[in-house]
>>> print(open('entry-v3.cif').read())   # mmCIF, C-alpha atoms
data_work
#
loop_
_atom_site.group_PDB
_atom_site.id
_atom_site.type_symbol
_atom_site.label_atom_id
_atom_site.label_comp_id
_atom_site.auth_asym_id
_atom_site.auth_seq_id
_atom_site.Cartn_x
_atom_site.Cartn_y
_atom_site.Cartn_z
ATOM 1 C CA MET A 24 49.077 59.763 104.306
ATOM 2 C CA SER A 25 47.477 58.613 101.052
ATOM 3 C CA ARG A 26 50.003 55.761 100.733
ATOM 4 C CA PHE A 27 49.218 54.669 104.266
ATOM 5 C CA VAL A 28 45.495 54.793 103.533
ATOM 6 C CA SER A 29 45.881 52.730 100.362
ATOM 7 C CA PHE A 30 48.030 50.222 102.292
ATOM 8 C CA LEU A 31 45.261 49.829 104.874
ATOM 9 C CA LEU A 32 42.725 49.214 102.141
ATOM 10 C CA THR A 33 44.767 46.676 100.213
ATOM 11 C CA ALA A 34 46.936 44.846 102.765
ATOM 12 C CA ARG A 35 45.972 41.451 104.115
ATOM 13 C CA ARG A 36 45.270 42.323 107.735
ATOM 14 C CA ARG A 37 45.702 38.800 109.070
ATOM 15 C CA TRP A 38 49.236 38.744 107.672
ATOM 16 C CA VAL A 39 50.000 42.113 109.224
ATOM 17 C CA GLN A 40 48.727 40.784 112.560
ATOM 18 C CA ALA A 41 50.897 37.677 112.227
ATOM 19 C CA VAL A 42 53.993 39.724 111.373
ATOM 20 C CA SER A 43 53.222 42.089 114.254
ATOM 21 C CA PHE A 44 53.044 39.148 116.667
ATOM 22 C CA LEU A 45 56.365 37.785 115.396
ATOM 23 C CA VAL A 46 58.104 41.159 115.578
ATOM 24 C CA MET A 47 56.767 41.923 119.073
ATOM 25 C CA ASN A 48 58.102 38.553 120.242
ATOM 26 C CA SER A 49 61.172 38.317 118.046
ATOM 27 C CA PHE A 50 63.589 38.032 120.999
ATOM 28 C CA VAL A 51 66.623 38.964 118.880
ATOM 29 C CA LEU A 52 65.642 42.640 118.844
ATOM 30 C CA GLN A 53 66.127 42.987 122.620
ATOM 31 C CA GLY A 54 66.792 46.452 123.952
ATOM 32 C CA LEU A 55 63.557 48.053 122.828
ATOM 33 C CA LYS A 56 61.750 47.578 126.131
ATOM 34 C CA SER A 57 61.808 51.302 126.681
ATOM 35 C CA ILE A 58 59.189 51.542 123.933
ATOM 36 C CA PRO A 59 55.552 50.850 124.858
ATOM 37 C CA CYS A 60 54.051 48.031 122.835
ATOM 38 C CA LEU A 61 51.153 49.062 120.580
ATOM 39 C CA GLY A 62 48.973 46.149 121.550
ATOM 40 C CA MET A 63 48.401 43.685 124.354
ATOM 41 C CA ASN A 64 51.640 41.717 124.349
ATOM 42 C CA CYS A 65 53.092 40.651 127.690
ATOM 43 C CA TYR A 66 56.545 42.068 128.399
ATOM 44 C CA ALA A 67 57.331 38.987 130.482
ATOM 45 C CA CYS A 68 57.022 36.763 127.396
ATOM 46 C CA PRO A 69 60.462 35.193 126.833
ATOM 47 C CA GLY A 70 60.601 36.689 123.348
ATOM 48 C CA ALA A 71 58.949 40.080 123.970
ATOM 49 C CA ILE A 72 60.919 43.098 122.835
ATOM 50 C CA PHE A 73 58.595 45.956 123.856
ATOM 51 C CA ALA A 74 57.208 47.100 127.216
ATOM 52 C CA CYS A 75 53.576 46.478 128.094
ATOM 53 C CA PRO A 76 51.947 49.933 128.327
ATOM 54 C CA ILE A 77 49.410 48.678 130.858
ATOM 55 C CA GLY A 78 52.169 47.239 133.060
ATOM 56 C CA THR A 79 53.987 50.549 132.767
ATOM 57 C CA LEU A 80 50.919 52.548 133.792
ATOM 58 C CA GLN A 81 50.390 50.307 136.828
ATOM 59 C CA HIS A 82 54.030 50.712 137.823
ATOM 60 C CA PHE A 83 53.720 54.481 137.754
ATOM 61 C CA ALA A 84 50.421 54.314 139.660
ATOM 62 C CA ALA A 85 52.166 52.252 142.338
ATOM 63 C CA ILE A 86 55.056 54.707 142.660
ATOM 64 C CA ARG A 87 52.557 57.605 142.405
ATOM 65 C CA GLN A 88 54.113 59.391 139.475
ATOM 66 C CA ILE A 89 52.540 60.554 136.245
ATOM 67 C CA PRO A 90 53.714 58.356 133.326
ATOM 68 C CA PHE A 91 54.271 61.224 130.899
ATOM 69 C CA TYR A 92 56.291 59.177 128.425
ATOM 70 C CA THR A 93 53.880 56.244 128.133
ATOM 71 C CA LEU A 94 50.780 58.437 128.059
ATOM 72 C CA GLY A 95 52.490 60.642 125.467
ATOM 73 C CA VAL A 96 53.313 57.713 123.185
ATOM 74 C CA LEU A 97 49.817 56.241 123.526
ATOM 75 C CA GLY A 98 48.273 59.671 123.019
ATOM 76 C CA LEU A 99 50.366 60.268 119.930
ATOM 77 C CA VAL A 100 49.205 56.998 118.392
ATOM 78 C CA GLY A 101 45.602 57.670 119.395
ATOM 79 C CA VAL A 102 45.585 61.187 117.961
ATOM 80 C CA LEU A 103 46.986 59.980 114.648
ATOM 81 C CA VAL A 104 45.145 56.699 114.046
ATOM 82 C CA GLY A 105 42.651 56.086 116.892
ATOM 83 C CA ARG A 106 42.265 52.376 117.675
ATOM 84 C CA LEU A 107 43.971 51.236 114.494
ATOM 85 C CA ALA A 108 46.633 49.319 116.447
ATOM 86 C CA CYS A 109 43.862 47.221 118.061
ATOM 87 C CA GLY A 110 42.754 45.956 114.674
ATOM 88 C CA TRP A 111 46.129 45.573 112.982
ATOM 89 C CA LEU A 112 48.896 45.073 115.550
ATOM 90 C CA CYS A 113 47.503 43.608 118.778
ATOM 91 C CA PRO A 114 48.462 39.922 119.151
ATOM 92 C CA PHE A 115 45.587 39.262 121.546
ATOM 93 C CA GLY A 116 43.151 40.801 119.076
ATOM 94 C CA TRP A 117 44.530 38.443 116.431
ATOM 95 C CA LEU A 118 44.060 35.468 118.753
ATOM 96 C CA GLN A 119 40.452 36.496 119.379
ATOM 97 C CA GLU A 120 39.737 36.607 115.642
ATOM 98 C CA LEU A 121 41.318 33.213 115.103
ATOM 99 C CA MET A 122 39.311 31.732 117.966
ATOM 100 C CA TYR A 123 36.050 33.225 116.717
ATOM 101 C CA GLY A 124 36.839 31.679 113.336
ATOM 102 C CA LEU A 125 36.610 28.269 115.025
ATOM 103 C CA ARG A 126 32.954 28.883 115.924
ATOM 104 C CA ARG A 127 31.580 27.654 112.613
ATOM 105 C CA ARG A 128 33.833 24.617 112.514
ATOM 106 C CA LEU A 129 32.877 23.665 116.045
ATOM 107 C CA ARG A 130 29.248 24.645 115.380
ATOM 108 C CA TRP A 131 29.156 26.561 118.640
ATOM 109 C CA ARG A 132 26.423 29.097 119.129
ATOM 110 C CA SER A 133 27.067 32.810 119.225
ATOM 111 C CA TRP A 134 26.629 34.490 122.613
ATOM 112 C CA PRO A 135 25.042 37.890 122.271
ATOM 113 C CA VAL A 136 26.463 40.320 124.834
ATOM 114 C CA SER A 137 24.946 43.724 125.437
ATOM 115 C CA GLU A 138 27.146 46.537 124.210
ATOM 116 C CA ARG A 139 25.979 48.444 127.259
ATOM 117 C CA LEU A 140 28.696 46.549 129.104
ATOM 118 C CA GLY A 141 31.324 48.341 127.012
ATOM 119 C CA TRP A 142 31.868 50.772 129.904
ATOM 120 C CA LEU A 143 33.496 47.891 131.778
ATOM 121 C CA ARG A 144 36.761 48.451 129.925
ATOM 122 C CA TYR A 145 36.921 51.985 131.343
ATOM 123 C CA ALA A 146 36.205 50.567 134.807
ATOM 124 C CA PHE A 147 39.058 48.062 134.418
ATOM 125 C CA LEU A 148 41.357 50.895 133.338
ATOM 126 C CA ILE A 149 40.467 53.175 136.228
ATOM 127 C CA VAL A 150 40.137 50.568 138.981
ATOM 128 C CA LEU A 151 42.588 47.754 138.194
ATOM 129 C CA VAL A 152 45.216 49.769 136.314
ATOM 130 C CA GLY A 153 44.977 52.980 138.340
ATOM 131 C CA ILE A 154 43.378 52.859 141.787
ATOM 132 C CA VAL A 155 44.203 49.305 142.940
ATOM 133 C CA PRO A 156 47.946 49.454 142.064
ATOM 134 C CA MET A 157 48.099 52.851 143.743
ATOM 135 C CA LEU A 158 46.592 51.469 146.955
ATOM 136 C CA THR A 159 48.210 48.020 147.045
ATOM 137 C CA LEU A 160 51.507 48.838 145.277
ATOM 138 C CA GLU A 161 50.881 45.728 143.156
ATOM 139 C CA PRO A 162 50.049 45.626 139.403
ATOM 140 C CA TRP A 163 46.827 43.674 139.849
ATOM 141 C CA PHE A 164 45.660 43.896 136.265
ATOM 142 C CA SER A 165 48.911 42.288 135.106
ATOM 143 C CA LYS A 166 48.662 39.666 137.815
ATOM 144 C CA LEU A 167 45.339 38.518 136.367
ATOM 145 C CA CYS A 168 45.856 39.421 132.700
ATOM 146 C CA PRO A 169 45.082 36.491 130.340
ATOM 147 C CA VAL A 170 47.604 37.892 127.833
ATOM 148 C CA GLY A 171 50.347 37.492 130.416
ATOM 149 C CA THR A 172 49.196 33.982 131.261
ATOM 150 C CA ILE A 173 49.218 32.706 127.699
ATOM 151 C CA GLU A 174 52.335 34.539 126.501
ATOM 152 C CA ALA A 175 54.515 34.549 129.600
ATOM 153 C CA GLY A 176 53.202 32.556 132.541
ATOM 154 C CA ILE A 177 52.584 29.248 130.780
ATOM 155 C CA PRO A 178 55.694 29.325 128.506
ATOM 156 C CA ARG A 179 57.997 30.267 131.371
ATOM 157 C CA LEU A 180 56.595 27.591 133.631
ATOM 158 C CA LEU A 181 57.057 25.036 130.889
ATOM 159 C CA LEU A 182 60.684 26.134 130.496
ATOM 160 C CA ASP A 183 61.632 26.411 134.173
ATOM 161 C CA ALA A 184 61.114 23.665 136.765
ATOM 162 C CA GLN A 185 61.878 26.036 139.669
ATOM 163 C CA LEU A 186 59.098 28.370 138.569
ATOM 164 C CA ARG A 187 56.718 25.426 138.271
ATOM 165 C CA ALA A 188 57.382 24.603 141.918
ATOM 166 C CA GLN A 189 56.499 28.175 142.934
ATOM 167 C CA ALA A 190 53.198 28.332 141.065
ATOM 168 C CA GLY A 191 50.284 28.516 143.475
ATOM 169 C CA TRP A 192 46.581 29.365 143.655
ATOM 170 C CA LEU A 193 47.045 32.705 141.909
ATOM 171 C CA PHE A 194 48.526 31.036 138.864
ATOM 172 C CA ALA A 195 45.671 28.512 138.830
ATOM 173 C CA PHE A 196 43.214 31.426 139.026
ATOM 174 C CA LYS A 197 44.995 33.146 136.115
ATOM 175 C CA VAL A 198 44.768 29.986 134.033
ATOM 176 C CA ALA A 199 41.048 29.741 134.832
ATOM 177 C CA ILE A 200 40.550 33.344 133.643
ATOM 178 C CA LEU A 201 42.463 32.558 130.449
ATOM 179 C CA LEU A 202 40.409 29.430 129.775
ATOM 180 C CA GLY A 203 37.219 31.391 130.347
ATOM 181 C CA PHE A 204 38.288 33.980 127.788
ATOM 182 C CA LEU A 205 39.361 31.317 125.276
ATOM 183 C CA VAL A 206 35.885 29.771 125.406
ATOM 184 C CA TRP A 207 34.219 33.209 125.256
ATOM 185 C CA MET A 208 36.345 34.111 122.210
ATOM 186 C CA VAL A 209 34.849 31.212 120.278
ATOM 187 C CA HIS A 210 31.307 32.305 121.152
ATOM 188 C CA SER A 211 31.623 36.102 120.847
ATOM 189 C CA LYS A 212 33.530 38.559 118.710
ATOM 190 C CA HIS A 213 36.541 40.123 120.486
ATOM 191 C CA PRO A 214 35.167 39.895 124.054
ATOM 192 C CA PHE A 215 38.413 41.086 125.642
ATOM 193 C CA CYS A 216 38.657 44.137 123.367
ATOM 194 C CA ARG A 217 35.013 45.095 123.825
ATOM 195 C CA PHE A 218 34.573 44.651 127.547
ATOM 196 C CA VAL A 219 37.934 44.411 129.294
ATOM 197 C CA CYS A 220 40.930 45.874 127.452
ATOM 198 C CA PRO A 221 42.280 48.947 129.262
ATOM 199 C CA LEU A 222 44.559 49.783 126.334
ATOM 200 C CA GLY A 223 41.538 49.885 124.047
ATOM 201 C CA ALA A 224 39.826 52.068 126.660
ATOM 202 C CA ILE A 225 42.691 54.558 126.442
ATOM 203 C CA TRP A 226 42.498 54.722 122.655
ATOM 204 C CA SER A 227 38.678 54.576 122.364
ATOM 205 C CA PRO A 228 37.926 58.301 122.846
ATOM 206 C CA PHE A 229 40.567 59.182 120.260
ATOM 207 C CA ASN A 230 38.425 57.586 117.534
ATOM 208 C CA ARG A 231 36.256 60.713 117.654
ATOM 209 C CA LEU A 232 39.062 63.124 116.796
ATOM 210 C CA SER A 233 41.930 61.128 115.283
ATOM 211 C CA THR A 234 43.566 62.180 112.033
ATOM 212 C CA LEU A 235 42.604 58.888 110.423
ATOM 213 C CA ARG A 236 38.822 58.492 110.405
ATOM 214 C CA LEU A 237 36.011 56.642 108.727
ATOM 215 C CA ALA A 238 33.200 58.458 106.977
ATOM 216 C CA VAL A 239 29.884 57.080 105.753
ATOM 217 C CA ASP A 240 27.927 58.531 102.873
ATOM 218 C CA GLN A 241 24.459 58.295 104.400
ATOM 219 C CA ALA A 242 22.803 58.971 101.050
ATOM 220 C CA SER A 243 24.402 55.873 99.510
ATOM 221 C CA CYS A 244 24.083 53.582 102.545
ATOM 222 C CA THR A 245 21.186 51.136 102.271
ATOM 223 C CA HIS A 246 21.602 49.841 105.847
ATOM 224 C CA CYS A 247 22.094 46.318 104.482
ATOM 225 C CA ASP A 248 24.252 45.417 107.531
ATOM 226 C CA ALA A 249 26.980 43.813 105.404
ATOM 227 C CA CYS A 250 29.414 45.916 107.440
ATOM 228 C CA ARG A 251 28.182 44.532 110.746
ATOM 229 C CA ARG A 252 28.455 40.932 109.585
ATOM 230 C CA VAL A 253 32.199 41.285 108.925
ATOM 231 C CA CYS A 254 32.901 43.681 111.785
ATOM 232 C CA PRO A 255 35.227 42.029 114.354
ATOM 233 C CA VAL A 256 33.649 44.084 117.155
ATOM 234 C CA ASP A 257 30.074 43.760 115.903
ATOM 235 C CA ILE A 258 29.176 47.395 115.255
ATOM 236 C CA ARG A 259 27.068 49.126 112.629
ATOM 237 C CA ILE A 260 29.546 51.621 111.325
ATOM 238 C CA HIS A 261 26.840 53.512 109.404
ATOM 239 C CA GLU A 262 25.214 54.448 112.715
ATOM 240 C CA ASP A 263 28.396 55.954 114.141
ATOM 241 C CA PRO A 264 31.546 56.090 111.973
ATOM 242 C CA ASP A 265 33.491 57.508 114.944
ATOM 243 C CA SER A 266 32.387 54.727 117.292
ATOM 244 C CA THR A 267 34.710 54.286 120.253
ATOM 245 C CA ARG A 268 34.404 50.522 119.747
ATOM 246 C CA CYS A 269 35.700 50.576 116.141
ATOM 247 C CA ILE A 270 39.172 49.049 115.813
ATOM 248 C CA ARG A 271 39.737 50.506 112.329
ATOM 249 C CA CYS A 272 40.189 47.111 110.673
ATOM 250 C CA MET A 273 38.697 48.453 107.396
ATOM 251 C CA GLU A 274 36.802 45.224 106.734
ATOM 252 C CA CYS A 275 33.552 47.210 106.402
ATOM 253 C CA ILE A 276 35.032 49.347 103.632
ATOM 254 C CA LYS A 277 36.010 46.254 101.671
ATOM 255 C CA VAL A 278 32.555 44.621 101.808
ATOM 256 C CA CYS A 279 30.259 47.618 101.443
ATOM 257 C CA PRO A 280 28.279 46.960 98.232
ATOM 258 C CA GLU A 281 27.428 50.647 97.844
ATOM 259 C CA VAL A 282 31.007 51.858 98.475
ATOM 260 C CA ALA A 283 29.475 54.170 101.059
ATOM 261 C CA ILE A 284 32.265 53.885 103.643
ATOM 262 C CA ARG A 285 35.560 55.604 103.119
ATOM 263 C CA LEU A 286 38.749 56.237 104.996
ATOM 264 C CA MET A 287 39.938 59.767 105.367
ATOM 265 C CA GLY A 288 42.782 61.645 106.995
ATOM 266 C CA GLU A 289 42.306 65.285 107.831
ATOM 267 C CA MET B 217 28.268 80.449 106.431
ATOM 268 C CA THR B 218 28.158 81.278 102.755
ATOM 269 C CA SER B 219 24.850 81.888 101.067
ATOM 270 C CA LYS B 220 25.016 78.490 99.295
ATOM 271 C CA GLN B 221 25.630 76.444 102.449
ATOM 272 C CA THR B 222 22.737 74.809 104.273
ATOM 273 C CA PRO B 223 22.706 75.118 108.100
ATOM 274 C CA ALA B 224 23.356 71.365 108.449
ATOM 275 C CA ARG B 225 26.447 71.551 106.251
ATOM 276 C CA SER B 226 27.651 74.578 108.139
ATOM 277 C CA ASP B 227 27.278 72.705 111.447
ATOM 278 C CA ALA B 228 29.170 69.738 109.990
ATOM 279 C CA ALA B 229 31.969 71.992 108.779
ATOM 280 C CA GLY B 230 32.085 73.696 112.179
ATOM 281 C CA GLY B 231 32.239 70.301 113.921
ATOM 282 C CA SER B 232 35.000 69.191 111.584
ATOM 283 C CA ARG B 233 36.979 72.381 112.253
ATOM 284 C CA SER B 234 36.727 71.976 116.016
ATOM 285 C CA ARG B 235 37.698 68.305 115.668
ATOM 286 C CA VAL B 236 40.779 69.196 113.647
ATOM 287 C CA LEU B 237 41.694 71.861 116.201
ATOM 288 C CA ALA B 238 41.307 69.368 119.084
ATOM 289 C CA ASN B 239 43.372 66.864 117.088
ATOM 290 C CA ARG B 240 46.218 69.346 116.620
ATOM 291 C CA ILE B 241 46.180 70.472 120.258
ATOM 292 C CA LEU B 242 46.265 66.877 121.525
ATOM 293 C CA LEU B 243 49.062 66.083 119.086
ATOM 294 C CA VAL B 244 51.192 68.847 120.563
ATOM 295 C CA VAL B 245 50.289 67.843 124.142
ATOM 296 C CA ALA B 246 51.223 64.197 123.424
ATOM 297 C CA LEU B 247 54.546 65.240 121.894
ATOM 298 C CA LEU B 248 55.317 67.445 124.894
ATOM 299 C CA ALA B 249 54.451 64.563 127.239
ATOM 300 C CA VAL B 250 56.877 62.274 125.385
ATOM 301 C CA VAL B 251 59.653 64.873 125.582
ATOM 302 C CA LEU B 252 58.970 65.505 129.275
ATOM 303 C CA GLY B 253 58.869 61.765 129.995
ATOM 304 C CA VAL B 254 62.200 61.204 128.244
ATOM 305 C CA HIS B 255 63.664 64.175 130.134
ATOM 306 C CA LEU B 256 62.486 62.642 133.430
ATOM 307 C CA GLY B 257 64.083 59.304 132.542
ATOM 308 C CA GLN B 258 60.803 57.423 132.348
ATOM 309 C CA THR B 259 61.999 55.230 129.477
ATOM 310 C CA PHE B 260 64.242 53.217 131.789
ATOM 311 C CA ILE B 261 62.174 50.206 132.696
ATOM 312 C CA THR B 262 63.128 48.127 135.710
ATOM 313 C CA TRP B 263 60.055 46.168 136.747
ATOM 314 C CA LEU B 264 60.001 43.465 134.096
ATOM 315 C CA ASN B 265 58.918 39.949 135.027
ATOM 316 C CA ALA B 266 57.595 41.160 138.373
ATOM 317 C CA THR B 267 54.118 39.779 137.789
ATOM 318 C CA LEU B 268 54.756 36.364 136.320
ATOM 319 C CA LEU B 269 53.268 34.156 138.981
#
>>> encode(input="entry-v3.cif", output="structure tokens")
Amino acid sequence: MSRFVSFLLTARRRWVQAVSFLVMNSFVLQGLKSIPCLGMNCYACPGAIFACPIGTLQHFAAIRQIPFYTLGVLGLVGVLVGRLACGWLCPFGWLQELMYGLRRRLRWRSWPVSERLGWLRYAFLIVLVGIVPMLTLEPWFSKLCPVGTIEAGIPRLLLDAQLRAQAGWLFAFKVAILLGFLVWMVHSKHPFCRFVCPLGAIWSPFNRLSTLRLAVDQASCTHCDACRRVCPVDIRIHEDPDSTRCIRCMECIKVCPEVAIRLMGE
Amino acid sequence: MTSKQTPARSDAAGGSRSRVLANRILLVVALLAVVLGVHLGQTFITWLNATLL
């Protein structure tokens, strides 16, 4: 555990995210699609090697069975590390950070969004991943998912003329959703993770009881907000170290001038 | 609570203990779910590419 903790504190996260993206879409390692992907990475991507856990959950909702295996794998990860995979492995999380990095270069303004809307990700999980597929027998979250559009829909249409001929209004709608998110990503930190992601919603509650946790020494903390400025999801970790929104990126630990934030595994 | 512990520290230790207990119970439940899922053949995935367009 201590080696893992020291890795998290010293590794270059952006590189880990890049490697994660390449591995998840490495194509040559086919045959692993029985394993749920630990991040939002579309299984229909030509190079994807893992199964989308959200697609899997919708499939089981549609056939009205309990997805023990997928829930077990996600639960196992959540119990051990909380939302760590969101901050280190998720390709769509990486894209959102890269897009937000463009904000200064483009001199676009930041859009403040109320964190009160964070409950929306639970609504997406329950309604679009659970109830709607159960009633319509269609995986409606996947049909609209911007991750699927950018990683699978667009590349496959570019590669296949027959598919291009079949694309209709739904595909145009998906592209519009994707474009909307791409613009929002430049204006706001991780909008998909904070307000939409059903996978993040599954892992969020685990932050409060996972083995890997953050702790803040309140006596040392000066509330300087250095942690919030670097936080990819815009939280004040000193107010709630177990926040369900925290993606365990560890950036706050690295910038804290008082060394008041620490990572612990119990 | 020992005589040297303050009530606040005792509450924190109690909270930590219950959190660790919940963590361990959920760990076992998740492992059992994985085993049950594998036993039921839920790792065989057949619906790929169904949602492309």
>>> closest_residue(input="entry-v3.cif", among="A:Cys216, A:Met122, A:Leu129, A:Leu193", to="chain B", atoms="all atoms listed in the file")
A:Leu193
>>> closest_residue(input="entry-v3.cif", among="A:Thr159, A:Ser137, A:Ser57, A:Asn230", to="chain B", atoms="all atoms listed in the file")
A:Ser57
>>> closest_residue(input="entry-v3.cif", among="A:Lys197, A:His261, A:His210, A:Arg106", to="Arg130 in chain A", atoms="only C-alpha atoms")
A:His210
>>> atom_distance(input="entry-v3.cif", atom1="CA of Trp163 in chain A", atom2="CA of Glu120 in chain A")
26.2 Å
>>> resolve_selection(input="entry-v3.cif", expression="the PyMOL selection byres ((chain A) within 6 of (chain B))", output="list in words")
Ser57, Ala67, Phe91, Tyr92, Gly95, Gly98, Leu99, Lys166, Gly176, Phe194 and Leu232 of chain A
>>> atom_distance(input="entry-v3.cif", atom1="CA of Gly223 in chain A", atom2="CA of Pro156 in chain A")
19.1 Å
>>> resolve_selection(input="entry-v3.cif", expression="the PyMOL selection byres ((chain A and resi 270-283) around 6)", output="list in words")
Arg106, Leu107, Cys109, Gly110, Val239, Asp240, Ser243, Cys244, Cys250, Cys269 and Ile284 of chain A
>>> residues_near_point(input="entry-v3.cif", point="(43.8, 57.0, 116.9)", cutoff="7 Å", atoms="all atoms listed in the file", output="PDB file with C-alpha atoms, in the frame of the given file")
ATOM      1  CA  VAL A 100      49.205  56.998 118.392  1.00  0.00           C
ATOM      2  CA  GLY A 101      45.602  57.670 119.395  1.00  0.00           C
ATOM      3  CA  VAL A 102      45.585  61.187 117.961  1.00  0.00           C
ATOM      4  CA  LEU A 103      46.986  59.980 114.648  1.00  0.00           C
ATOM      5  CA  VAL A 104      45.145  56.699 114.046  1.00  0.00           C
ATOM      6  CA  GLY A 105      42.651  56.086 116.892  1.00  0.00           C
ATOM      7  CA  ARG A 106      42.265  52.376 117.675  1.00  0.00           C
ATOM      8  CA  LEU A 107      43.971  51.236 114.494  1.00  0.00           C
ATOM      9  CA  TRP A 226      42.498  54.722 122.655  1.00  0.00           C
ATOM     10  CA  PHE A 229      40.567  59.182 120.260  1.00  0.00           C
ATOM     11  CA  ASN A 230      38.425  57.586 117.534  1.00  0.00           C
ATOM     12  CA  SER A 233      41.930  61.128 115.283  1.00  0.00           C
ATOM     13  CA  LEU A 235      42.604  58.888 110.423  1.00  0.00           C
TER      14      LEU A 235
END
>>> resolve_selection(input="entry-v3.cif", expression="the PyMOL selection byres ((chain A and resi 65) around 6)", output="short mmCIF file (atom, residue, chain, number, x, y, z; two decimals) with C-alpha atoms, keeping the file's coordinate frame")
data_model
loop_
_atom_site.label_atom_id
_atom_site.label_comp_id
_atom_site.auth_asym_id
_atom_site.auth_seq_id
_atom_site.Cartn_x
_atom_site.Cartn_y
_atom_site.Cartn_z
CA ASN A 64 51.64 41.72 124.35
CA TYR A 66 56.54 42.07 128.40
CA ALA A 67 57.33 38.99 130.48
CA CYS A 68 57.02 36.76 127.40
CA CYS A 75 53.58 46.48 128.09
CA GLY A 171 50.35 37.49 130.42
#
>>> atom_distance(input="entry-v3.cif", atom1="CA of Phe50 in chain A", atom2="CA of Pro178 in chain A")
13.9 Å
>>> residues_around(input="entry-v3.cif", residues="Ile89 in chain A", least_positions_apart="4", cutoff="10 Å", atoms="only C-alpha atoms", output="list in words")
Leu80, Phe83, Ala84, Thr93 and Leu94 of chain A; Gly253 and Gln258 of chain B
>>> closest_residue(input="entry-v3.cif", among="A:Ala34, A:Leu61, A:Gly70, A:Ala41", to="Ala175 in chain A", atoms="all atoms listed in the file")
A:Gly70
>>> closest_residue(input="entry-v3.cif", among="A:Val256, A:Met157, A:Leu237, A:Leu118", to="Val209 in chain A", atoms="all atoms listed in the file")
A:Leu118
>>> axis_aligned_box(input="entry-v3.cif", around="range 207-224 of chain A", padding_each_side="3 Å", output="JSON")
{"center_x": 37.9, "center_y": 41.6, "center_z": 124.0, "size_x": 19.3, "size_y": 26.9, "size_z": 16.6}
>>> closest_residue(input="entry-v3.cif", among="A:Leu148, A:Val136, A:Ala108, A:Leu186", to="Cys220 in chain A", atoms="only C-alpha atoms")
A:Leu148
